[in-house]
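Written below as C-alpha cells is the structure these notes are about.
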Amino acid sequence: MTPADPVGVAVVGLGYWGPNLVRNLWETEGAWVAAACDRRPKCLEALAKRYPTIGLTERFETVLSDERVSAIVIATPVATHYPLTREALLAGKHVFVEKPLAQRSGECRELIALAEERGLVLMPGHTFLYSPPVRRVKDILDAGELGELYFGTFSRVNLGIHQSDANVVRDLAPHDFSILLHWLGEPIFLRAIGRDSVGSGQLDVAFIDMGMPNGALVHMELSWLSPTKLRRTVLVGSGKMVVYEDTSSEQIRVYDRGVEILEPQSFGEHQLAYRTGDILTPRLDPDEPLRLEMADFVDAIGEGREPVSSKKMGLDVVRLIEAAEMSLEFNGSPVALDTPDGDRRRSGDRRRSRGGMPVLDWHGPAQD
C-alpha cells in the first residue's frame, strides 16, 4: 500500500454500533470498506441493501485472509475483543476495536506488544475524545485558562439499562475515564463504593473518588437508577470554572468566577474575596465524533503515527476499571495508581495504611 492508496477496511460485528461504523468509514476519505462480517445472516442482508458492493461473510477467518483488507474494525461483544484483536494483529492487520480494548490489563499489554512488534496501529474506540465540546475543554485546559485545578465532578446517570454481563463501572465509567485521562492525565489514587440496589446481581450505582498529582480531587457518579439522564462534568480552578453538559443545548459554559484570599489587615485576619464575572458559551463547530474517530484511525495508518485514542489510553482505562473493582472488593479502600509495573513494595496489604487508611496496590489482589 502506498500513501495514496485507500486503506481497505473490514468491519466485524453489525449489531447496534457496527452499521454506524460502516457508514462513517464509507464517507471517510482515504478509506475503502472492502468487507463486513457477522455471524447473523439477517445483519448481512440488511447491510447489503444499502451497500451492495461490500463483500459479506459470516466467517472471521475469511476477513483475516483477505489481501484487500489491511485494517479491521471490531464492534463485537466485549468478551471477544481480546481474541479477535489478537488474531487480527497476528494476521498483520491494523485494528480499531470498540471500548474497552480488552477485559483485563494483562490482555491489553499483550495486544500492545503485538502491535508494536509488527508496526501496526492498534486503536481503542473512545469516541468522546473526538467530541467537539471535549476537544474545546481540552484546549481551555491546555491554555491554562482555569488556573490551578481544585476539583472536578463527573456525573453519568440515567434510568436503565441494567446490563446482565457487566456492572455499572464497566458499562459507564470508560467514557469518563477516557475524558479524564485525556484532559488531566492519570490519577495517583482511586477509591470506590457501590451497591446492587435492586438485586439484579450487578452493581447499579457507584461513586468513585480520585486524587490527581497536583492535589486536585475528582468525584465520579455512575448510576442506572437516576430519574433523569445526566451527562455533566464540572471543573473548578483558581482562575475560572467550566461546565460540560453533553445533553444541554449549551454544551460548554465557562464561568469567570473564583475566590481569592485578601492580604490580612491585622495579624491573623484573613478575608476572602468572591469574584463573579462573565459566563461564556464558546461556539462549537458541529461534527460527528465517530466520523472524526474513523478519520483519525485511517490517517494514523497512512502517516504511521499514534491516534488520539491511543493504545496506552485503552490500557489506562482498563487499569482504572480494575482499580475501581479492587477498591469495591475491599469496601472502598484506596488503591495506589502510581506504583510502577513490577514494583511490589506497595503490594496490597490490609495491615498497612497511609494516613490511617489502607492502601492497596492495583496490580493484583492483596497478598496475606
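Identifiers in this document derive from the order of the C-alpha cells: chains are assigned A, B, ..., residues are numbered from 1 separately in each chain, and ligands are numbered from 1 in order of occurrence.
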
Report as CSV the residues of region 117-174 of chain A within 9 Å of region 79-101 of chain A, each with its shortest atom pair and distance in Å (one decimal), using only C-alpha atoms, ordered by chain and increasing residue number.
```
residue,atom,partner,partner_atom,distance
A:Arg118,CA,A:Gly92,CA,7.2
A:Gly119,CA,A:His94,CA,8.9
A:Leu120,CA,A:His94,CA,5.2
A:Val121,CA,A:His94,CA,5.0
A:Leu122,CA,A:Val95,CA,5.0
A:Met123,CA,A:Phe96,CA,4.7
A:Pro124,CA,A:Val97,CA,5.0
A:Gly125,CA,A:Glu98,CA,4.3
A:His126,CA,A:Lys99,CA,6.1
A:Thr127,CA,A:Lys99,CA,8.8
A:Arg170,CA,A:Pro100,CA,8.7
A:Pro174,CA,A:Pro100,CA,7.3
```

### Task
Find the spatial neighbours of region 30-46 of chain A, counting only C-alpha atoms, within a cut-off of 7 Å - ignore same-chain residues fewer than 5 positions away - and output them as a list in words.
Pro6, Val7, Gly8, Val9, Ala10, Val11, Val12, Gly13, Leu14, Leu25, Ile54, Gly55, Leu56, Thr57, Glu58, Arg59, Phe60, Arg68, Val69 and Val298 of chain A

Suppose we keep C-alpha atoms; can you now write the selection as a short mmCIF file (atom, residue, chain, number, x, y, z; two decimals), in the first residue's frame?
```cif
data_model
loop_
_atom_site.label_atom_id
_atom_site.label_comp_id
_atom_site.auth_asym_id
_atom_site.auth_seq_id
_atom_site.Cartn_x
_atom_site.Cartn_y
_atom_site.Cartn_z
CA PRO A 6 -7.08 3.91 0.15
CA VAL A 7 -6.99 1.74 3.27
CA GLY A 8 -9.00 -1.42 2.75
CA VAL A 9 -11.13 -1.86 5.86
CA ALA A 10 -13.34 -4.70 7.09
CA VAL A 11 -15.98 -4.14 9.78
CA VAL A 12 -16.61 -7.10 12.07
CA GLY A 13 -19.85 -7.01 14.06
CA LEU A 14 -23.01 -5.48 12.60
CA LEU A 25 -15.93 4.66 7.04
CA ILE A 54 -19.25 -4.54 0.13
CA GLY A 55 -18.09 -8.15 0.38
CA LEU A 56 -20.05 -10.01 3.05
CA THR A 57 -19.08 -13.04 5.08
CA GLU A 58 -20.09 -14.91 8.22
CA ARG A 59 -16.53 -16.13 8.88
CA PHE A 60 -13.89 -14.03 10.60
CA ARG A 68 -7.57 -6.44 0.14
CA VAL A 69 -8.11 -5.83 3.86
CA VAL A 298 -7.27 5.87 8.74
#
```

Taking the DSSP assignment computed from this structure's backbone, write out as an mmCIF file with C-alpha atoms, in the first residue's frame all residues of region 109-338 of chain A that belong to alpha helix (DSSP H).
```cif
data_model
loop_
_atom_site.group_PDB
_atom_site.id
_atom_site.type_symbol
_atom_site.label_atom_id
_atom_site.label_comp_id
_atom_site.auth_asym_id
_atom_site.auth_seq_id
_atom_site.Cartn_x
_atom_site.Cartn_y
_atom_site.Cartn_z
ATOM 1 C CA ARG A 109 -0.463 -5.254 27.393
ATOM 2 C CA GLU A 110 -0.205 -8.362 25.230
ATOM 3 C CA LEU A 111 -2.119 -6.698 22.400
ATOM 4 C CA ILE A 112 0.036 -3.572 22.663
ATOM 5 C CA ALA A 113 3.218 -5.648 22.489
ATOM 6 C CA LEU A 114 1.938 -7.457 19.395
ATOM 7 C CA ALA A 115 1.057 -4.174 17.661
ATOM 8 C CA GLU A 116 4.439 -2.635 18.461
ATOM 9 C CA GLU A 117 6.376 -5.708 17.323
ATOM 10 C CA ARG A 118 4.605 -5.636 13.956
ATOM 11 C CA PRO A 132 -16.215 18.913 19.793
ATOM 12 C CA PRO A 133 -17.042 20.024 23.374
ATOM 13 C CA VAL A 134 -14.482 17.617 24.870
ATOM 14 C CA ARG A 135 -11.862 18.893 22.442
ATOM 15 C CA ARG A 136 -12.721 22.519 23.299
ATOM 16 C CA VAL A 137 -12.388 21.895 27.060
ATOM 17 C CA LYS A 138 -9.011 20.277 26.348
ATOM 18 C CA ASP A 139 -7.952 23.480 24.556
ATOM 19 C CA ILE A 140 -9.148 25.562 27.515
ATOM 20 C CA LEU A 141 -7.150 23.441 29.954
ATOM 21 C CA ASP A 142 -4.026 23.441 27.784
ATOM 22 C CA VAL A 168 -22.231 -0.046 36.173
ATOM 23 C CA VAL A 169 -18.497 0.750 36.425
ATOM 24 C CA ARG A 170 -17.580 -1.327 33.370
ATOM 25 C CA ASP A 171 -20.628 -0.052 31.488
ATOM 26 C CA LEU A 172 -20.411 3.710 32.111
ATOM 27 C CA ALA A 173 -17.011 4.614 33.604
ATOM 28 C CA PRO A 174 -14.901 4.035 30.444
ATOM 29 C CA HIS A 175 -16.446 7.165 28.878
ATOM 30 C CA ASP A 176 -15.440 9.453 31.734
ATOM 31 C CA PHE A 177 -12.168 7.661 32.481
ATOM 32 C CA SER A 178 -11.034 8.329 28.905
ATOM 33 C CA ILE A 179 -12.071 12.004 29.132
ATOM 34 C CA LEU A 180 -10.330 12.375 32.494
ATOM 35 C CA LEU A 181 -7.097 10.845 31.175
ATOM 36 C CA HIS A 182 -7.266 12.997 28.032
ATOM 37 C CA TRP A 183 -7.797 16.207 29.983
ATOM 38 C CA LEU A 184 -5.847 15.750 33.202
ATOM 39 C CA PRO A 289 -17.351 12.370 16.696
ATOM 40 C CA LEU A 290 -17.496 8.936 15.075
ATOM 41 C CA ARG A 291 -16.530 10.412 11.700
ATOM 42 C CA LEU A 292 -13.564 12.193 13.261
ATOM 43 C CA GLU A 293 -12.589 8.997 15.043
ATOM 44 C CA MET A 294 -12.643 6.900 11.866
ATOM 45 C CA ALA A 295 -10.685 9.587 10.009
ATOM 46 C CA ASP A 296 -8.048 9.573 12.754
ATOM 47 C CA PHE A 297 -7.744 5.776 12.505
ATOM 48 C CA VAL A 298 -7.270 5.866 8.738
ATOM 49 C CA ASP A 299 -4.861 8.819 8.909
ATOM 50 C CA ALA A 300 -2.825 7.147 11.671
ATOM 51 C CA ILE A 301 -2.339 4.122 9.402
ATOM 52 C CA GLY A 302 -1.294 6.248 6.434
ATOM 53 C CA GLU A 303 1.006 8.500 8.467
ATOM 54 C CA LYS A 311 -3.410 2.061 22.739
ATOM 55 C CA LYS A 312 -1.957 3.385 26.010
ATOM 56 C CA MET A 313 -5.251 5.200 26.584
ATOM 57 C CA GLY A 314 -7.021 1.866 26.108
ATOM 58 C CA LEU A 315 -4.736 0.209 28.667
ATOM 59 C CA ASP A 316 -5.067 3.023 31.212
ATOM 60 C CA VAL A 317 -8.878 2.976 31.045
ATOM 61 C CA VAL A 318 -8.908 -0.762 31.799
ATOM 62 C CA ARG A 319 -6.402 -0.238 34.632
ATOM 63 C CA LEU A 320 -8.726 2.339 36.202
ATOM 64 C CA ILE A 321 -11.668 -0.063 35.898
ATOM 65 C CA GLU A 322 -9.624 -2.767 37.641
ATOM 66 C CA ALA A 323 -8.571 -0.319 40.358
ATOM 67 C CA ALA A 324 -12.210 0.645 40.971
ATOM 68 C CA GLU A 325 -13.231 -3.005 41.190
ATOM 69 C CA MET A 326 -10.391 -3.731 43.607
ATOM 70 C CA SER A 327 -11.437 -0.838 45.822
ATOM 71 C CA LEU A 328 -15.040 -2.066 45.725
ATOM 72 C CA GLU A 329 -13.853 -5.529 46.720
#
```

### Query
Could you work out how far CA of Val218 (chain A) lies from CA of Asp287 (chain A), giving the answer in Å with one decimal?
28.7 Å
